[in-house]
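Next comes model30.cif, with mmCIF, C-alpha atoms (C1' of nucleotides).
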```cif
data_work
loop_
_atom_site.label_atom_id
_atom_site.label_comp_id
_atom_site.auth_asym_id
_atom_site.auth_seq_id
_atom_site.Cartn_x
_atom_site.Cartn_y
_atom_site.Cartn_z
CA MET A 1 82.93 96.93 116.53
CA PHE A 2 84.82 98.58 113.68
CA ALA A 3 83.38 99.61 110.35
CA LEU A 4 85.60 100.12 107.33
CA VAL A 5 84.12 102.42 104.70
CA ASP A 6 85.93 102.18 101.38
CA GLY A 7 85.21 104.12 98.18
CA ASN A 8 84.76 101.82 95.19
CA ASN A 9 87.48 102.31 92.55
CA PHE A 10 87.91 105.67 94.21
CA TYR A 11 89.83 107.72 91.64
CA ALA A 12 87.75 106.38 88.77
CA SER A 13 84.57 107.16 90.72
CA CYS A 14 85.76 110.74 91.39
CA GLU A 15 86.27 111.23 87.66
CA ARG A 16 82.69 110.10 87.06
CA VAL A 17 80.94 112.34 89.58
CA PHE A 18 81.12 115.48 87.46
CA ASP A 19 81.25 113.75 84.08
CA PRO A 20 78.10 111.65 83.75
CA GLY A 21 78.98 110.77 80.16
CA ILE A 22 81.63 108.31 81.36
CA ARG A 23 79.58 106.60 84.08
CA ALA A 24 78.85 103.46 82.10
CA LYS A 25 82.24 103.36 80.38
CA PRO A 26 85.48 101.60 81.32
CA VAL A 27 87.50 104.32 83.08
CA VAL A 28 91.22 104.07 83.83
CA VAL A 29 93.20 106.61 85.89
CA LEU A 30 96.94 106.76 85.26
CA SER A 31 99.85 107.43 87.60
CA ASN A 32 101.89 110.62 87.30
CA ASN A 33 103.46 110.92 83.85
CA ASP A 34 100.53 108.93 82.48
CA GLY A 35 102.45 105.71 83.07
CA CYS A 36 100.54 102.95 84.85
CA ALA A 37 96.91 102.22 85.63
CA ILE A 38 96.33 103.11 89.31
CA ALA A 39 92.54 102.92 89.34
CA ARG A 40 90.02 101.15 87.13
CA SER A 41 86.26 101.16 87.02
CA ALA A 42 84.51 97.79 87.16
CA GLU A 43 84.13 97.87 83.37
CA ALA A 44 87.87 98.46 82.90
CA LYS A 45 88.68 95.58 85.28
CA ALA A 46 86.37 93.37 83.25
CA LEU A 47 88.37 94.23 80.14
CA GLY A 48 91.45 92.88 81.89
CA ILE A 49 93.23 96.14 82.74
CA ARG A 50 95.44 95.27 85.71
CA MET A 51 96.46 97.42 88.66
CA GLY A 52 99.86 98.99 88.11
CA HIS A 53 99.98 97.86 84.51
CA PRO A 54 101.82 100.21 82.11
CA ILE A 55 99.20 101.67 79.80
CA HIS A 56 101.52 101.57 76.77
CA LEU A 57 101.53 97.77 77.02
CA VAL A 58 97.76 97.63 76.54
CA PRO A 59 97.03 96.62 72.93
CA PRO A 60 95.72 99.62 70.93
CA PRO A 61 92.34 98.08 70.01
CA LEU A 62 91.63 97.49 73.69
CA ARG A 63 92.94 100.90 74.63
CA LYS A 64 90.55 102.58 72.22
CA GLN A 65 87.62 101.31 74.30
CA LEU A 66 88.91 102.99 77.46
CA VAL A 67 88.30 106.43 78.90
CA VAL A 68 91.79 107.28 80.15
CA ARG A 69 92.53 110.09 82.63
CA SER A 70 95.68 111.55 84.17
CA ALA A 71 95.69 111.45 87.97
CA ASN A 72 94.01 114.57 89.39
CA PHE A 73 94.94 114.41 93.07
CA THR A 74 93.52 117.85 93.78
CA LEU A 75 90.08 116.56 92.82
CA TYR A 76 90.48 113.24 94.66
CA GLY A 77 91.71 114.92 97.85
CA ASP A 78 88.73 117.24 97.92
CA MET A 79 86.23 114.45 97.22
CA SER A 80 87.85 112.44 99.99
CA ALA A 81 87.31 115.32 102.45
CA ARG A 82 83.64 115.40 101.49
CA VAL A 83 83.23 111.70 102.17
CA VAL A 84 84.98 112.07 105.54
CA SER A 85 82.69 114.92 106.56
CA VAL A 86 79.67 112.67 105.98
CA LEU A 87 81.31 109.95 108.08
CA ARG A 88 82.16 112.31 110.94
CA ASP A 89 78.55 113.36 110.94
CA ALA A 90 77.48 109.77 111.43
CA ALA A 91 80.02 108.42 113.94
CA ALA A 92 81.67 109.93 117.00
CA ARG A 93 85.08 108.43 116.32
CA VAL A 94 86.60 108.23 112.86
CA GLU A 95 90.09 107.25 111.71
CA VAL A 96 90.96 108.47 108.22
CA TYR A 97 93.16 105.60 107.11
CA SER A 98 93.84 106.63 103.51
CA ILE A 99 92.42 108.84 100.80
CA ASP A 100 89.55 106.40 100.22
CA GLU A 101 89.23 104.42 103.45
CA SER A 102 88.10 105.28 106.96
CA PHE A 103 87.56 103.19 110.08
CA LEU A 104 84.59 104.05 112.30
CA ASP A 105 83.99 103.05 115.90
CA LEU A 106 80.51 101.53 116.03
CA SER A 107 80.38 100.82 119.74
CA GLY A 108 77.00 101.76 121.12
CA ILE A 109 75.26 101.27 117.78
CA ALA A 110 72.42 98.84 118.30
CA ASP A 111 72.02 97.60 114.74
CA PRO A 112 75.34 97.89 112.85
CA GLU A 113 73.84 96.37 109.73
CA ALA A 114 71.02 98.92 109.41
CA PHE A 115 73.38 101.74 110.38
CA SER A 116 75.87 100.72 107.69
CA ARG A 117 73.23 100.39 104.98
CA GLY A 118 71.96 103.88 105.76
CA LEU A 119 75.45 105.35 105.85
CA ARG A 120 76.47 103.70 102.62
CA GLN A 121 73.52 105.23 100.81
CA ARG A 122 74.06 108.61 102.38
CA VAL A 123 77.73 108.76 101.33
CA HIS A 124 76.73 107.83 97.80
CA ARG A 125 73.88 110.30 97.59
CA TRP A 126 75.67 113.22 99.18
CA THR A 127 79.07 112.88 97.50
CA GLY A 128 78.43 110.76 94.42
CA ILE A 129 81.00 108.20 95.55
CA PRO A 130 79.83 104.56 95.54
CA ASN A 131 81.24 102.65 98.52
CA CYS A 132 81.20 99.46 100.53
CA ILE A 133 81.22 98.85 104.27
CA GLY A 134 82.65 95.94 106.26
CA VAL A 135 81.88 95.56 109.97
CA ALA A 136 83.66 93.30 112.47
CA PRO A 137 85.21 93.25 115.96
CA THR A 138 88.78 93.88 114.71
CA LYS A 139 90.25 96.07 111.99
CA THR A 140 91.68 93.10 110.10
CA LEU A 141 88.30 91.37 110.08
CA ALA A 142 86.58 94.62 109.07
CA LYS A 143 88.98 94.88 106.10
CA LEU A 144 88.13 91.31 105.22
CA ALA A 145 84.39 91.97 105.55
CA ASN A 146 84.81 95.01 103.32
CA LYS A 147 86.50 92.94 100.65
CA MET A 148 83.58 90.50 100.79
CA ALA A 149 81.13 93.41 100.54
CA LYS A 150 82.77 94.48 97.29
CA ALA A 151 81.57 91.24 95.72
CA GLY A 152 78.07 92.65 95.57
CA ALA A 153 76.37 92.85 98.95
CA GLY A 154 77.66 96.36 99.64
CA VAL A 155 77.58 95.80 103.38
CA VAL A 156 78.93 92.75 105.23
CA VAL A 157 78.74 92.39 109.00
CA LEU A 158 80.84 89.69 110.69
CA ASP A 159 79.26 89.81 114.08
CA THR A 160 79.17 86.27 115.42
CA LEU A 161 82.00 83.73 115.63
CA ASP A 162 80.01 81.59 113.27
CA GLN A 163 79.87 84.27 110.59
CA GLN A 164 83.59 84.90 111.01
CA ALA A 165 84.43 81.22 110.71
CA ARG A 166 82.44 80.91 107.50
CA ALA A 167 84.02 84.04 106.04
CA LEU A 168 87.58 82.91 106.78
CA GLU A 169 87.19 79.37 105.54
CA HIS A 170 87.70 80.08 101.85
CA PHE A 171 89.27 83.53 102.05
CA PRO A 172 92.72 83.51 100.34
CA VAL A 173 95.43 84.32 102.88
CA GLY A 174 97.11 86.65 100.40
CA ASP A 175 94.03 88.90 100.50
CA VAL A 176 94.28 89.37 104.26
CA TRP A 177 95.32 92.88 105.32
CA GLY A 178 99.02 92.77 106.22
CA VAL A 179 99.84 89.70 104.14
CA GLY A 180 101.59 90.72 100.93
CA ARG A 181 102.91 88.73 98.03
CA ARG A 182 106.15 87.58 99.66
CA TRP A 183 104.54 86.38 102.83
CA SER A 184 101.64 84.66 101.15
CA GLU A 185 104.19 82.66 99.13
CA LYS A 186 106.05 81.77 102.30
CA LEU A 187 102.79 80.84 104.06
CA ALA A 188 101.79 78.68 101.11
CA SER A 189 105.05 76.75 101.46
CA LEU A 190 103.97 75.98 105.02
CA GLY A 191 100.59 74.74 103.79
CA ILE A 192 98.73 77.90 104.84
CA ALA A 193 96.52 79.09 101.99
CA THR A 194 93.37 80.44 103.66
CA ALA A 195 92.65 83.00 106.36
CA ALA A 196 91.20 80.21 108.50
CA GLN A 197 94.47 78.24 108.26
CA LEU A 198 96.46 81.30 109.32
CA ARG A 199 94.06 81.87 112.23
CA ASP A 200 94.61 78.27 113.39
CA ALA A 201 98.38 77.95 112.75
CA PRO A 202 100.67 77.48 115.79
CA THR A 203 101.53 80.96 117.08
CA ASP A 204 105.14 79.94 117.86
CA LEU A 205 105.66 79.05 114.25
CA ILE A 206 104.17 82.32 113.00
CA LEU A 207 106.25 84.34 115.47
CA GLU A 208 109.46 82.50 114.59
CA ARG A 209 109.06 82.66 110.82
CA PHE A 210 107.32 86.02 110.38
CA GLY A 211 107.77 88.10 113.51
CA VAL A 212 105.39 90.03 115.71
CA VAL A 213 103.55 91.82 112.91
CA MET A 214 102.06 88.64 111.50
CA THR A 215 101.28 87.40 115.00
CA ARG A 216 99.13 90.47 115.48
CA THR A 217 97.35 89.75 112.22
CA GLN A 218 96.72 86.20 113.41
CA ARG A 219 95.20 87.39 116.66
CA GLU A 220 93.02 89.88 114.85
CA LEU A 221 91.73 87.05 112.68
CA GLN A 222 90.88 85.22 115.89
CA GLY A 223 88.73 88.19 116.88
CA GLN A 224 91.17 89.68 119.39
CA PRO A 225 91.69 93.39 118.66
CA CYS A 226 95.40 94.34 118.52
CA MET A 227 94.99 97.58 116.63
CA ALA A 228 93.11 100.52 118.06
CA LEU A 229 91.22 103.23 116.25
CA GLU A 230 93.69 106.06 115.76
CA GLU A 231 91.70 109.26 115.55
CA VAL A 232 94.68 111.56 115.73
CA GLU A 233 97.17 111.17 112.95
CA ALA A 234 100.67 110.55 114.31
CA ASP A 235 103.33 113.10 113.40
CA ARG A 236 105.25 112.25 110.26
CA GLN A 237 108.76 110.88 110.58
CA GLN A 238 109.72 111.66 107.03
CA ILE A 239 108.56 113.84 104.16
CA LEU A 240 109.50 112.85 100.64
CA VAL A 241 108.78 114.70 97.42
CA SER A 242 109.91 113.02 94.23
CA ARG A 243 108.86 112.83 90.61
CA SER A 244 109.78 110.96 87.48
CA PHE A 245 110.45 113.25 84.56
CA ALA A 246 108.61 112.96 81.28
CA ASP A 247 111.95 112.59 79.48
CA ARG A 248 115.55 111.84 80.39
CA VAL A 249 117.35 115.02 81.46
CA GLU A 250 121.08 115.52 80.95
CA ASP A 251 121.18 119.21 81.88
CA HIS A 252 122.41 119.35 85.48
CA GLU A 253 120.93 122.79 86.09
CA ALA A 254 117.50 121.47 85.09
CA VAL A 255 117.79 118.57 87.55
CA ALA A 256 118.90 121.04 90.23
CA GLN A 257 115.86 123.19 89.51
CA ALA A 258 113.62 120.14 89.82
CA ALA A 259 115.22 119.29 93.17
CA ALA A 260 114.77 122.91 94.30
CA THR A 261 111.09 122.77 93.39
CA PHE A 262 110.68 119.52 95.34
CA ALA A 263 112.53 121.00 98.32
CA VAL A 264 110.21 124.00 98.39
CA ARG A 265 107.18 121.70 98.13
CA ALA A 266 108.53 119.47 100.92
CA CYS A 267 108.96 122.51 103.18
CA GLU A 268 105.37 123.57 102.49
CA LYS A 269 104.20 120.14 103.62
CA LEU A 270 106.47 120.41 106.65
CA ARG A 271 105.03 123.77 107.70
CA ARG A 272 101.46 122.68 107.13
CA ARG A 273 102.06 119.94 109.69
CA GLY A 274 103.74 122.33 112.09
CA LEU A 275 107.05 120.45 112.02
CA VAL A 276 110.72 121.29 111.59
CA THR A 277 113.45 119.18 110.00
CA SER A 278 117.08 118.70 110.92
CA ALA A 279 118.27 116.35 108.19
CA VAL A 280 117.79 116.68 104.46
CA GLY A 281 118.56 114.37 101.57
CA VAL A 282 118.50 114.47 97.80
CA PHE A 283 118.67 111.77 95.17
CA ALA A 284 118.63 111.43 91.40
CA GLN A 285 118.11 108.35 89.26
CA THR A 286 118.74 107.46 85.65
CA ASP A 287 116.27 105.43 83.60
CA ALA A 288 116.10 101.98 85.22
CA PHE A 289 113.89 100.74 82.37
CA ARG A 290 116.74 101.25 79.92
CA PRO A 291 119.46 98.99 81.33
CA GLU A 292 121.48 99.44 78.15
CA LEU A 293 122.01 103.10 79.04
CA LYS A 294 124.62 104.28 81.56
CA GLN A 295 123.13 104.15 85.06
CA HIS A 296 123.83 106.43 88.01
CA ASN A 297 121.70 106.69 91.16
CA PRO A 298 123.44 109.07 93.56
CA THR A 299 121.92 109.86 96.95
CA ARG A 300 123.24 112.29 99.54
CA MET A 301 122.20 113.22 103.06
CA ALA A 302 123.23 115.93 105.50
CA SER A 303 122.34 116.95 109.02
CA LEU A 304 121.51 120.60 109.58
CA PRO A 305 123.20 122.48 112.45
CA SER A 306 119.78 123.68 113.62
CA ALA A 307 116.26 122.52 112.88
CA THR A 308 114.22 124.59 110.44
CA SER A 309 111.11 124.80 108.32
CA ASP A 310 112.49 127.68 106.27
CA SER A 311 112.59 126.81 102.57
CA ARG A 312 115.69 128.95 102.06
CA VAL A 313 117.73 127.05 104.64
CA VAL A 314 116.69 123.66 103.25
CA LEU A 315 117.22 124.82 99.71
CA SER A 316 120.77 125.99 100.26
CA ALA A 317 121.59 122.69 101.99
CA ILE A 318 120.19 120.80 99.00
CA ARG A 319 122.14 122.94 96.53
CA ARG A 320 125.35 122.30 98.48
CA LEU A 321 124.68 118.56 98.54
CA MET A 322 124.20 118.54 94.79
CA ILE A 323 127.58 120.05 93.97
CA GLY A 324 129.37 117.41 91.92
CA MET A 325 126.60 114.88 92.50
CA LEU A 326 125.55 114.39 88.88
CA ARG A 327 127.66 113.03 86.05
CA ALA A 328 128.03 114.52 82.62
CA GLY A 329 126.43 112.57 79.80
CA TYR A 330 123.92 110.69 81.95
CA GLY A 331 120.17 111.05 81.38
CA TYR A 332 118.34 111.44 84.69
CA LYS A 333 114.73 110.29 84.84
CA LYS A 334 113.78 110.95 88.42
CA ALA A 335 114.81 113.05 91.41
CA GLY A 336 113.59 113.62 94.92
CA VAL A 337 114.15 115.39 98.21
CA THR A 338 113.66 113.93 101.69
CA LEU A 339 113.26 115.68 105.02
CA THR A 340 113.93 113.54 108.09
CA ASP A 341 114.56 113.98 111.82
CA LEU A 342 111.23 115.76 111.99
CA ALA A 343 110.06 117.28 115.26
CA LYS A 344 107.62 119.70 116.82
CA PRO A 345 109.44 122.96 117.62
CA ARG A 346 108.42 122.78 121.30
CA ASP A 347 110.26 119.46 121.68
CA LEU A 348 113.62 120.89 120.65
CA GLN A 349 116.34 122.35 122.78
CA GLY A 350 119.35 124.38 121.71
CA ASP A 351 122.72 124.56 123.41
CA LEU A 352 124.93 127.45 124.43
CA PHE A 353 126.26 128.02 120.94
CA THR A 354 123.53 126.97 118.52
CA ALA A 355 119.90 127.95 118.25
CA ALA A 356 117.52 124.99 118.32
CA ILE A 357 115.59 126.40 115.38
CA VAL A 358 116.54 128.84 112.65
CA GLY A 359 114.50 130.52 109.95
CA ASP A 360 111.98 133.25 109.41
CA ASP A 361 108.51 132.01 110.34
CA ARG A 362 106.73 135.18 109.34
CA LEU A 363 108.28 135.26 105.89
CA MET A 364 107.38 131.62 105.29
CA ALA A 365 103.83 132.09 106.59
CA THR A 366 103.39 135.01 104.20
CA LEU A 367 104.74 132.94 101.32
CA ASP A 368 102.33 130.11 102.13
CA GLN A 369 99.44 132.53 102.39
CA ILE A 370 100.17 134.05 98.99
CA ASN A 371 100.40 130.65 97.36
CA ARG A 372 97.21 129.46 99.02
CA LYS A 373 95.37 132.51 97.84
CA PHE A 374 96.71 132.88 94.31
CA GLY A 375 97.79 129.35 93.45
CA ARG A 376 100.82 127.20 94.12
CA GLY A 377 104.02 128.58 92.65
CA VAL A 378 102.89 132.20 92.41
CA ALA A 379 105.59 133.23 94.87
CA GLY A 380 108.71 131.24 95.65
CA LEU A 381 112.46 131.00 95.32
CA GLY A 382 114.56 131.61 92.24
CA ALA A 383 116.37 128.27 92.39
CA SER A 384 113.19 126.51 91.24
CA GLY A 385 113.84 127.91 87.78
CA TRP A 386 110.37 129.24 87.08
CA GLN A 387 109.87 127.68 83.67
CA VAL A 388 106.30 127.48 82.46
CA LYS A 389 107.02 124.10 80.96
CA PRO A 390 110.28 122.83 82.48
CA VAL A 391 112.17 120.10 80.65
CA TRP A 392 111.81 117.92 83.74
CA GLY A 393 108.03 118.39 83.89
CA MET A 394 105.43 115.67 84.15
CA ARG A 395 103.37 114.30 81.35
CA GLN A 396 99.66 114.81 82.11
CA GLN A 397 97.88 114.77 78.81
CA MET A 398 94.43 113.67 79.97
CA LEU A 399 93.87 115.74 83.07
CA SER A 400 90.28 116.40 84.14
CA PRO A 401 89.23 119.83 85.51
CA CYS A 402 89.53 120.61 89.23
CA TYR A 403 85.75 120.78 89.47
CA THR A 404 85.58 121.45 93.19
CA THR A 405 88.67 123.50 94.03
CA CYS A 406 89.13 126.01 91.21
CA ALA A 407 86.55 128.64 90.26
CA ARG A 408 87.56 128.46 86.60
CA ASP A 409 86.81 124.75 86.53
CA LEU A 410 83.39 124.82 88.19
CA PRO A 411 80.97 122.54 86.38
CA ARG A 412 78.17 124.36 84.58
CA ALA A 413 74.54 123.39 85.00
CA LEU A 414 72.38 124.08 81.95
CA CYS A 415 68.72 124.77 82.50
"C1'" DT B 1 107.61 107.11 72.64
"C1'" DC B 2 105.47 105.25 77.16
"C1'" DT B 3 106.91 101.91 83.39
"C1'" DG B 4 103.93 106.42 90.22
"C1'" DG B 5 104.53 108.54 94.67
"C1'" DG B 6 104.34 108.44 99.47
"C1'" DG B 7 104.54 106.24 103.72
"C1'" DT B 8 105.24 102.70 108.07
"C1'" DC B 9 107.35 99.10 111.00
"C1'" DC B 10 110.60 95.33 112.19
"C1'" DT B 11 115.03 92.92 112.28
"C1'" DA B 12 119.83 91.98 112.09
"C1'" DG B 13 124.34 93.36 112.44
"C1'" DG B 14 128.06 96.47 113.47
"C1'" DA B 15 130.17 100.15 116.16
"C1'" DC B 16 130.63 101.84 120.33
"C1'" DC B 17 129.92 102.65 125.44
"C1'" DC B 18 130.83 101.33 130.56
"C1'" DT C 1 142.78 75.94 126.45
"C1'" DC C 2 140.25 79.57 128.65
"C1'" DT C 3 138.43 85.94 127.17
"C1'" DG C 4 131.65 89.28 130.61
"C1'" DG C 5 127.45 91.28 130.69
"C1'" DG C 6 124.66 94.75 129.58
"C1'" DG C 7 123.34 98.42 126.95
"C1'" DT C 8 122.50 102.20 122.93
"C1'" DC C 9 122.55 103.98 118.40
"C1'" DC C 10 122.76 103.69 113.55
"C1'" DT C 11 122.13 101.65 109.06
"C1'" DA C 12 120.56 98.64 105.54
"C1'" DG C 13 117.34 95.69 103.96
"C1'" DG C 14 112.97 93.60 103.76
"C1'" DA C 15 108.33 93.37 104.45
"C1'" DC C 16 103.90 95.73 104.33
"C1'" DC C 17 100.18 99.54 103.21
"C1'" DC C 18 97.36 102.83 99.90
#
```
Kindly transcribe the structure held in the file into structure tokens.
Amino acid sequence: MFALVDGNNFYASCERVFDPGIRAKPVVVLSNNDGCAIARSAEAKALGIRMGHPIHLVPPPLRKQLVVRSANFTLYGDMSARVVSVLRDAAARVEVYSIDESFLDLSGIADPEAFSRGLRQRVHRWTGIPNCIGVAPTKTLAKLANKMAKAGAGVVVLDTLDQQARALEHFPVGDVWGVGRRWSEKLASLGIATAAQLRDAPTDLILERFGVVMTRTQRELQGQPCMALEEVEADRQQILVSRSFADRVEDHEAVAQAAATFAVRACEKLRRRGLVTSAVGVFAQTDAFRPELKQHNPTRMASLPSATSDSRVVLSAIRRLMIGMLRAGYGYKKAGVTLTDLAKPRDLQGDLFTAAIVGDDRLMATLDQINRKFGRGVAGLGASGWQVKPVWGMRQQMLSPCYTTCARDLPRALC
DNA sequence: TCTGGGGTCCTAGGACCC
DNA sequence: TCTGGGGTCCTAGGACCC
């Protein structure tokens, strides 16, 4: 049996843990640049705030009722780690599926229902994060059970075939894990509107029209596990760092500095995972929401002669790629850097003339150590520009404190 | 004024190989 | 008139996830 533990309205709940004054209020967390709603408390959902909806399209009278926050991923990441530590304490095998969801292996647990109720309370009490738990013999059914639990029960166990049949009967197929908007439309055109109808559809038809992925989903709905618990996170195949800018940027040097900053950040991620890259890419985009303006979305890629995790090597490749990439008189709104062809150093082999890996590991380790100790960006490379408030910076006007990761921001208890 | 960021997998088609 | 069989690699595009 699998259990799926899922934090309720996770980002909004994180904001509430250390700010009791907003616990009963409609809370909305915005994407980077304070653009769209990416998390809403139950109260905000009730007011009709939709997921992904641009906040500037919310009518002002409605907006005045909301507590609006900029995304504080440092806080959410740390709260997530706390939740996971409670889960690891409770179950032998845990798969951290996303920042707010984990699968647990419940095999050997005599009473999954009682276990889940206890765990749910414990996570809430120890971390402050309200959550729901769905339990079932496959991951897809556990996701489905979790969604049902959100309706109020808190814990839903789909143990017997009978329980599963009843759950699937009226469950919209578009809410099944792995069925997105496009496919639910296509399924509807075939007369498949519920999870039960997908479970019972001819497999040949599903395979022919949708491929093997949907066939797996179908089997999982039938109670046949096709997806295992993955305790060890697979190595990344790609690392991407990109940001939208608060304003359109015409200054090419500023865009280059943004790209340099992203490249350095991407290399930090690369090193933290113990990987090296041998292909880098860079892209820039103008403002797609202003079609009346001149548009230009260049993207460039290059293979490196040797793999590396050295920021300096990646950076100089990026700078070379960017020569002549941007056009004068265009306002760029977004840029990004990608690292691909990732590998573990031990899996690489050089040839007679080229080293498999280049770069200075000790220098980079020292750099990482300094930044970990004194804060990101304390030490780095000149190409990043080093502006306190760069013209390409993000808008984050309603950022909450980093209550749990920064001494300056520690909450104060008054007695 | 204002519209996120970061991933994965699968498939089809073309180039190329022997 | 008729033109093999088997394979790999790469890319682009489309779908999905949180």
Selection result of the PyMOL selection byres ((chain B) within 6 of (chain A)) on this file, as a PyMOL selection string: chain B and resi 2-4
Extract, using all atoms listed in the file, all DNA, RNA and protein residues at most 12 Å from DG13 (chain B), discarding same-chain residues fewer than 4 positions from it, and format them as a ChimeraX atom specification. /C:10-13
Would you mind exporting C-alpha atoms (C1' of nucleotides) of the selected residues as a PDB file, in the frame of the given file?
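The resulting file, result05.pdb, is shown below:
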```
ATOM      1  C1'  DC C  10     122.760 103.690 113.550  1.00  0.00           C
ATOM      2  C1'  DT C  11     122.130 101.650 109.060  1.00  0.00           C
ATOM      3  C1'  DA C  12     120.560  98.640 105.540  1.00  0.00           C
ATOM      4  C1'  DG C  13     117.340  95.690 103.960  1.00  0.00           C
TER       5       DG C  13
END
```
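A straight line drawn from CA of Lys147 (chain A) to CA of Val176 (chain A) is 9.3 Å long.
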Distance query Met227 (chain A) at most 12 Å, all atoms listed in the file, self and fewer than 3 positions along chain excluded, as a compact mmCIF listing (two decimals) with C-alpha atoms, in the coordinates of the input:
```
# COMPACT_ATOMS: atom_id res chain seq x y z
CA PHE A 2 84.82 98.58 113.68
CA GLU A 95 90.09 107.25 111.71
CA PHE A 103 87.56 103.19 110.08
CA PRO A 137 85.21 93.25 115.96
CA THR A 138 88.78 93.88 114.71
CA LYS A 139 90.25 96.07 111.99
CA THR A 140 91.68 93.10 110.10
CA LEU A 141 88.30 91.37 110.08
CA ALA A 142 86.58 94.62 109.07
CA VAL A 213 103.55 91.82 112.91
CA ARG A 216 99.13 90.47 115.48
CA THR A 217 97.35 89.75 112.22
CA GLN A 218 96.72 86.20 113.41
CA ARG A 219 95.20 87.39 116.66
CA GLU A 220 93.02 89.88 114.85
CA LEU A 221 91.73 87.05 112.68
CA GLY A 223 88.73 88.19 116.88
CA GLN A 224 91.17 89.68 119.39
CA GLU A 230 93.69 106.06 115.76
```
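Across A:Lys333, A:Ala167, A:Asp361, A:Trp392, the tightest approach to Arg290 (chain A) is made by A:Lys333 when counting only C-alpha atoms.
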Centre and edges of the region 5-17 of chain B box, axis-aligned, 3 Å extra per side, as lines of an AutoDock Vina configuration file:
```
center_x = 117.5
center_y = 100.3
center_z = 110.1
size_x = 32.3
size_y = 22.6
size_z = 36.8
```
Evaluated on this file, the PyMOL selection byres ((chain B and resi 16-18) around 10) picks out some residues - which ones are they, written as a list in words? DG14 and DA15 of chain B; DG6, DG7, DT8 and DC9 of chain C
Kindly give the distance, in Å, that separates CA of Arg125 (chain A) and CA of Arg82 (chain A), rounded to a single decimal. 11.7 Å
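CA of Tyr332 (chain A) lies 4.9 Å from CA of Val249 (chain A).
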As a compact mmCIF listing (two decimals), in the coordinates of the input, could you write out region 215-227 of chain A once it has been completed with N, CA and C atoms?
```
# COMPACT_ATOMS: atom_id res chain seq x y z
N THR A 215 101.96 87.95 113.82
CA THR A 215 101.28 87.40 115.00
C THR A 215 100.08 88.26 115.38
N ARG A 216 100.27 89.55 115.22
CA ARG A 216 99.13 90.47 115.48
C ARG A 216 97.99 90.19 114.51
N THR A 217 98.37 90.04 113.23
CA THR A 217 97.35 89.75 112.22
C THR A 217 96.59 88.47 112.59
N GLN A 218 97.35 87.47 113.04
CA GLN A 218 96.72 86.20 113.41
C GLN A 218 95.70 86.42 114.54
N ARG A 219 96.11 87.14 115.55
CA ARG A 219 95.20 87.39 116.66
C ARG A 219 93.96 88.15 116.22
N GLU A 220 94.17 89.11 115.34
CA GLU A 220 93.02 89.88 114.85
C GLU A 220 92.05 88.98 114.09
N LEU A 221 92.60 88.00 113.38
CA LEU A 221 91.73 87.05 112.68
C LEU A 221 90.95 86.20 113.68
N GLN A 222 91.57 86.00 114.85
CA GLN A 222 90.88 85.22 115.89
C GLN A 222 89.81 86.05 116.60
N GLY A 223 89.76 87.33 116.28
CA GLY A 223 88.73 88.19 116.88
C GLY A 223 89.24 89.00 118.06
N GLN A 224 90.58 88.96 118.26
CA GLN A 224 91.17 89.68 119.39
C GLN A 224 91.76 90.99 118.87
N PRO A 225 91.19 92.13 119.22
CA PRO A 225 91.69 93.39 118.66
C PRO A 225 93.12 93.71 119.13
N CYS A 226 94.03 93.93 118.20
CA CYS A 226 95.40 94.34 118.52
C CYS A 226 95.68 95.74 118.00
N MET A 227 94.78 96.25 117.20
CA MET A 227 94.99 97.58 116.63
C MET A 227 93.82 98.46 117.01
```
